[in-house]
Every structure is written in structure tokens, then in C-alpha cells.
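Accompanying notes for the structure given below.
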Amino acid sequence: MTSRIRHITVDCLDPYALSGFWSAVTGYPNHPDDRPDDPAALLMSAEDDSPDLLFMAVSEERHGAPRTSHHRFHLDVMPTDRTRDEEVERLLGLGAILVGDHRKADGTGWVVLADPEGNEFCVERSPAERAAVI
């Protein structure tokens with residue numbers, strides 16, 4: 001018997017607002033019962049075998065001072081209907097912040113962004129872009 005990942009949980013200050021950002025990134029809808037003052041917000045994957053994204057309110061006091069160390073894990077996103085560069089521009093327009101640009105002249109590489117609460121994530125090339133590079 002094995003286990004599957006049911007949720008990827010993100011500690012944050014404002015679950016509802018941050019889930020709105022990630023809903024726009026992924027297209028995952030918010031759970032219909034979520035409200036702005038709830039301590040958690042759930043984005044539901046459209047596929048049964050894919051994990052949902054769960055945002056949980058955690059105050060800064062719980063962790064002490066704001067985090068200044070390296071993230072222990074992060075999400076990588078891959079656009080499905082546009083190029084990596086177009087997706088980066090879209091996400092910046094949604095409120096993401098550019099952290100690092102690791103794109104290479106040959107079209108490979110990725111871009112590191114942060115969501116509105118500073119959680120870093122990477123934007124990779126689309127499947128079409130991966131297929132075009134030999």
C-alpha cells in the first residue's frame with residue numbers, strides 16, 4: 001500500500017487572498033464554501049489523482065521573525081497554452097515578483113518568481129517549447 005499526496009499546503013497570512021492569486025495561476029477553482037475570513041482556503045484540482053492546494057493561516061508569531069532562509073521546497077509551474085515567457089508576463093501582471101531569471105539564449109532555463117506573500121516558485125518551459133529544443 002502506498003500513499004498519495006492529497007494536498008500541497010502553503011502556510012500564509014491571508015489564505016483567501018493568496019488562494020485567489022494561485023487560482024489565477026493554475027485555473028484551480030476555490031472550494032465553494034471558502035470565505036475571506038476563513039483560516040483556510042482550498043483550490044481543487046480538476047483531476048482526481050492530482051493534489052489540491054490548501055492555504056492555511058499561520059501568523060508570523062508562530063514562526064518568530066519573517067523567514068530569511070532558503071525554502072525547503074517550492075512549486076514548479078508549466079504553462080499549457082502559452083510559452084514560458086508569456087506565462088511569466090501574465091504572472092507578473094497578477095502580482096508575482098521576479099526573483100531570478102535563469103533563461104538561456106538557446107531557449108532552455110526557467111524563471112523564479114514569488115507570489116504576493118513571498119513564496120518562491122519556478123516557471124518552466126511549456127511542453128511545446130520542450131519538444132522544439134533538440
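All residue names refer to the C-alpha cells as shown: chains lettered A, B, ... in order, residues numbered from 1 in each chain, ligands numbered from 1 in order.
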Checklist entry - What's the 6 Å shell around Asp115 of chain A, counting only C-alpha atoms, without same-chain residues fewer than 3 positions away, as a list in words? => result Ala96, Gly118 and Asn119 of chain A
Considering only C-alpha atoms, give me a table of residues in segment 20-114 of chain A that are at most 7 Å from segment 123-134 of chain A, with the closest atom pair and distance in Å for each, as CSV.
```
residue,atom,partner,partner_atom,distance
A:Asp76,CA,A:Val123,CA,5.9
A:Val77,CA,A:Val123,CA,5.0
A:Met78,CA,A:Glu124,CA,5.1
A:Pro79,CA,A:Ser126,CA,5.2
A:Thr80,CA,A:Ser126,CA,6.0
A:Thr83,CA,A:Ser126,CA,5.7
A:Arg84,CA,A:Arg125,CA,4.8
A:Val88,CA,A:Val123,CA,6.9
A:Trp110,CA,A:Glu124,CA,4.9
A:Val111,CA,A:Val123,CA,5.2
A:Val112,CA,A:Val123,CA,6.4
```
For C-alpha atoms, I'd like the residues from the last selection saved as a tab-separated table (two decimals), in the first residue's frame.
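Printed below is again_18.tsv as written:
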```
chain	number	residue	atom	x	y	z
A	76	ASP	CA	7.28	24.46	-10.41
A	77	VAL	CA	4.60	25.51	-12.87
A	78	MET	CA	4.49	24.77	-16.58
A	79	PRO	CA	2.20	26.68	-18.95
A	80	THR	CA	-0.11	24.54	-21.04
A	83	THR	CA	5.11	29.96	-23.82
A	84	ARG	CA	7.13	30.23	-20.64
A	88	VAL	CA	5.95	34.91	-16.82
A	110	TRP	CA	13.42	28.82	-16.04
A	111	VAL	CA	12.29	31.92	-14.15
A	112	VAL	CA	11.96	32.17	-10.37
```
Checklist entry - Neighbours of segment 45-55 of chain A within 9 Å (only C-alpha atoms; same-chain residues fewer than 6 positions away dropped), as a PyMOL selection string? => result chain A and resi 4-12+14-16+18-19+22+26-29+39
Checklist entry - So which residues touch Leu91 of chain A within 10 Å, counting only C-alpha atoms, skipping near sequence neighbours fewer than 2 positions away, as JSON, numbers by chain? => result {"A": [21, 22, 24, 25, 85, 86, 87, 88, 89, 93, 94, 95, 96, 97, 98, 113, 114, 115, 123]}
Based on the selection just made, write N, CA, C and O atoms of those residues as a PDB file, in the first residue's frame.
```pdb
ATOM      1  N   PHE A  21      -4.758  34.376  -5.926  1.00  0.00           N
ATOM      2  CA  PHE A  21      -3.602  34.500  -6.820  1.00  0.00           C
ATOM      3  C   PHE A  21      -3.314  33.151  -7.477  1.00  0.00           C
ATOM      4  O   PHE A  21      -3.193  33.055  -8.697  1.00  0.00           O
ATOM      5  N   TRP A  22      -3.228  32.093  -6.665  1.00  0.00           N
ATOM      6  CA  TRP A  22      -2.892  30.778  -7.197  1.00  0.00           C
ATOM      7  C   TRP A  22      -4.018  30.189  -8.043  1.00  0.00           C
ATOM      8  O   TRP A  22      -3.761  29.413  -8.957  1.00  0.00           O
ATOM      9  N   ALA A  24      -5.744  32.006 -10.113  1.00  0.00           N
ATOM     10  CA  ALA A  24      -5.496  32.636 -11.406  1.00  0.00           C
ATOM     11  C   ALA A  24      -4.292  32.002 -12.103  1.00  0.00           C
ATOM     12  O   ALA A  24      -4.267  31.894 -13.328  1.00  0.00           O
ATOM     13  N   VAL A  25      -3.285  31.561 -11.331  1.00  0.00           N
ATOM     14  CA  VAL A  25      -2.114  30.908 -11.909  1.00  0.00           C
ATOM     15  C   VAL A  25      -2.480  29.551 -12.493  1.00  0.00           C
ATOM     16  O   VAL A  25      -2.133  29.227 -13.630  1.00  0.00           O
ATOM     17  N   ASP A  85       7.714  32.445 -21.485  1.00  0.00           N
ATOM     18  CA  ASP A  85       7.872  33.892 -21.383  1.00  0.00           C
ATOM     19  C   ASP A  85       6.524  34.607 -21.304  1.00  0.00           C
ATOM     20  O   ASP A  85       6.366  35.569 -20.556  1.00  0.00           O
ATOM     21  N   GLU A  86       5.558  34.135 -22.079  1.00  0.00           N
ATOM     22  CA  GLU A  86       4.207  34.714 -21.994  1.00  0.00           C
ATOM     23  C   GLU A  86       3.601  34.463 -20.622  1.00  0.00           C
ATOM     24  O   GLU A  86       2.930  35.336 -20.064  1.00  0.00           O
ATOM     25  N   GLU A  87       3.848  33.274 -20.065  1.00  0.00           N
ATOM     26  CA  GLU A  87       3.315  32.958 -18.739  1.00  0.00           C
ATOM     27  C   GLU A  87       3.972  33.819 -17.665  1.00  0.00           C
ATOM     28  O   GLU A  87       3.304  34.295 -16.752  1.00  0.00           O
ATOM     29  N   VAL A  88       5.264  34.043 -17.774  1.00  0.00           N
ATOM     30  CA  VAL A  88       5.955  34.915 -16.818  1.00  0.00           C
ATOM     31  C   VAL A  88       5.316  36.299 -16.838  1.00  0.00           C
ATOM     32  O   VAL A  88       5.022  36.878 -15.784  1.00  0.00           O
ATOM     33  N   GLU A  89       5.075  36.836 -18.003  1.00  0.00           N
ATOM     34  CA  GLU A  89       4.453  38.164 -18.102  1.00  0.00           C
ATOM     35  C   GLU A  89       3.054  38.169 -17.492  1.00  0.00           C
ATOM     36  O   GLU A  89       2.663  39.106 -16.791  1.00  0.00           O
ATOM     37  N   GLY A  93       1.817  40.226 -14.079  1.00  0.00           N
ATOM     38  CA  GLY A  93       0.614  41.058 -14.109  1.00  0.00           C
ATOM     39  C   GLY A  93      -0.379  40.714 -13.009  1.00  0.00           C
ATOM     40  O   GLY A  93      -1.167  41.563 -12.596  1.00  0.00           O
ATOM     41  N   LEU A  94      -0.334  39.457 -12.534  1.00  0.00           N
ATOM     42  CA  LEU A  94      -1.216  39.044 -11.438  1.00  0.00           C
ATOM     43  C   LEU A  94      -0.677  39.448 -10.069  1.00  0.00           C
ATOM     44  O   LEU A  94      -1.363  39.298  -9.068  1.00  0.00           O
ATOM     45  N   GLY A  95       0.569  39.921 -10.022  1.00  0.00           N
ATOM     46  CA  GLY A  95       1.146  40.337  -8.750  1.00  0.00           C
ATOM     47  C   GLY A  95       2.376  39.563  -8.320  1.00  0.00           C
ATOM     48  O   GLY A  95       2.909  39.787  -7.236  1.00  0.00           O
ATOM     49  N   ALA A  96       2.853  38.634  -9.150  1.00  0.00           N
ATOM     50  CA  ALA A  96       4.087  37.918  -8.828  1.00  0.00           C
ATOM     51  C   ALA A  96       5.271  38.885  -8.893  1.00  0.00           C
ATOM     52  O   ALA A  96       5.194  39.939  -9.539  1.00  0.00           O
ATOM     53  N   ILE A  97       6.346  38.502  -8.233  1.00  0.00           N
ATOM     54  CA  ILE A  97       7.556  39.325  -8.185  1.00  0.00           C
ATOM     55  C   ILE A  97       8.707  38.517  -8.780  1.00  0.00           C
ATOM     56  O   ILE A  97       8.889  37.344  -8.443  1.00  0.00           O
ATOM     57  N   LEU A  98       9.501  39.132  -9.651  1.00  0.00           N
ATOM     58  CA  LEU A  98      10.652  38.467 -10.247  1.00  0.00           C
ATOM     59  C   LEU A  98      11.744  38.304  -9.197  1.00  0.00           C
ATOM     60  O   LEU A  98      12.166  39.271  -8.563  1.00  0.00           O
ATOM     61  N   LEU A 113       9.905  33.190  -9.615  1.00  0.00           N
ATOM     62  CA  LEU A 113       9.021  34.270  -9.193  1.00  0.00           C
ATOM     63  C   LEU A 113       8.641  34.035  -7.738  1.00  0.00           C
ATOM     64  O   LEU A 113       8.868  32.956  -7.190  1.00  0.00           O
ATOM     65  N   ALA A 114       8.042  35.038  -7.121  1.00  0.00           N
ATOM     66  CA  ALA A 114       7.474  34.894  -5.784  1.00  0.00           C
ATOM     67  C   ALA A 114       6.030  35.354  -5.843  1.00  0.00           C
ATOM     68  O   ALA A 114       5.697  36.315  -6.547  1.00  0.00           O
ATOM     69  N   ASP A 115       5.169  34.657  -5.098  1.00  0.00           N
ATOM     70  CA  ASP A 115       3.768  35.071  -5.028  1.00  0.00           C
ATOM     71  C   ASP A 115       3.658  36.303  -4.131  1.00  0.00           C
ATOM     72  O   ASP A 115       4.669  36.770  -3.579  1.00  0.00           O
ATOM     73  N   VAL A 123       8.885  28.984 -13.089  1.00  0.00           N
ATOM     74  CA  VAL A 123       8.101  28.838 -14.313  1.00  0.00           C
ATOM     75  C   VAL A 123       9.009  28.157 -15.332  1.00  0.00           C
ATOM     76  O   VAL A 123      10.067  28.687 -15.692  1.00  0.00           O
TER      77      VAL A 123
END
```
Checklist entry - Distance atom CA of Met56 of chain A-atom CA of Phe121 of chain A, one decimal place? => result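 Separation of atom CA of Met56 of chain A and atom CA of Phe121 of chain A: 17.8 Å.
Taking atom CA of Arg82 of chain A as the reference point, atom CA of Lys104 of chain A is found at 18.2 Å.
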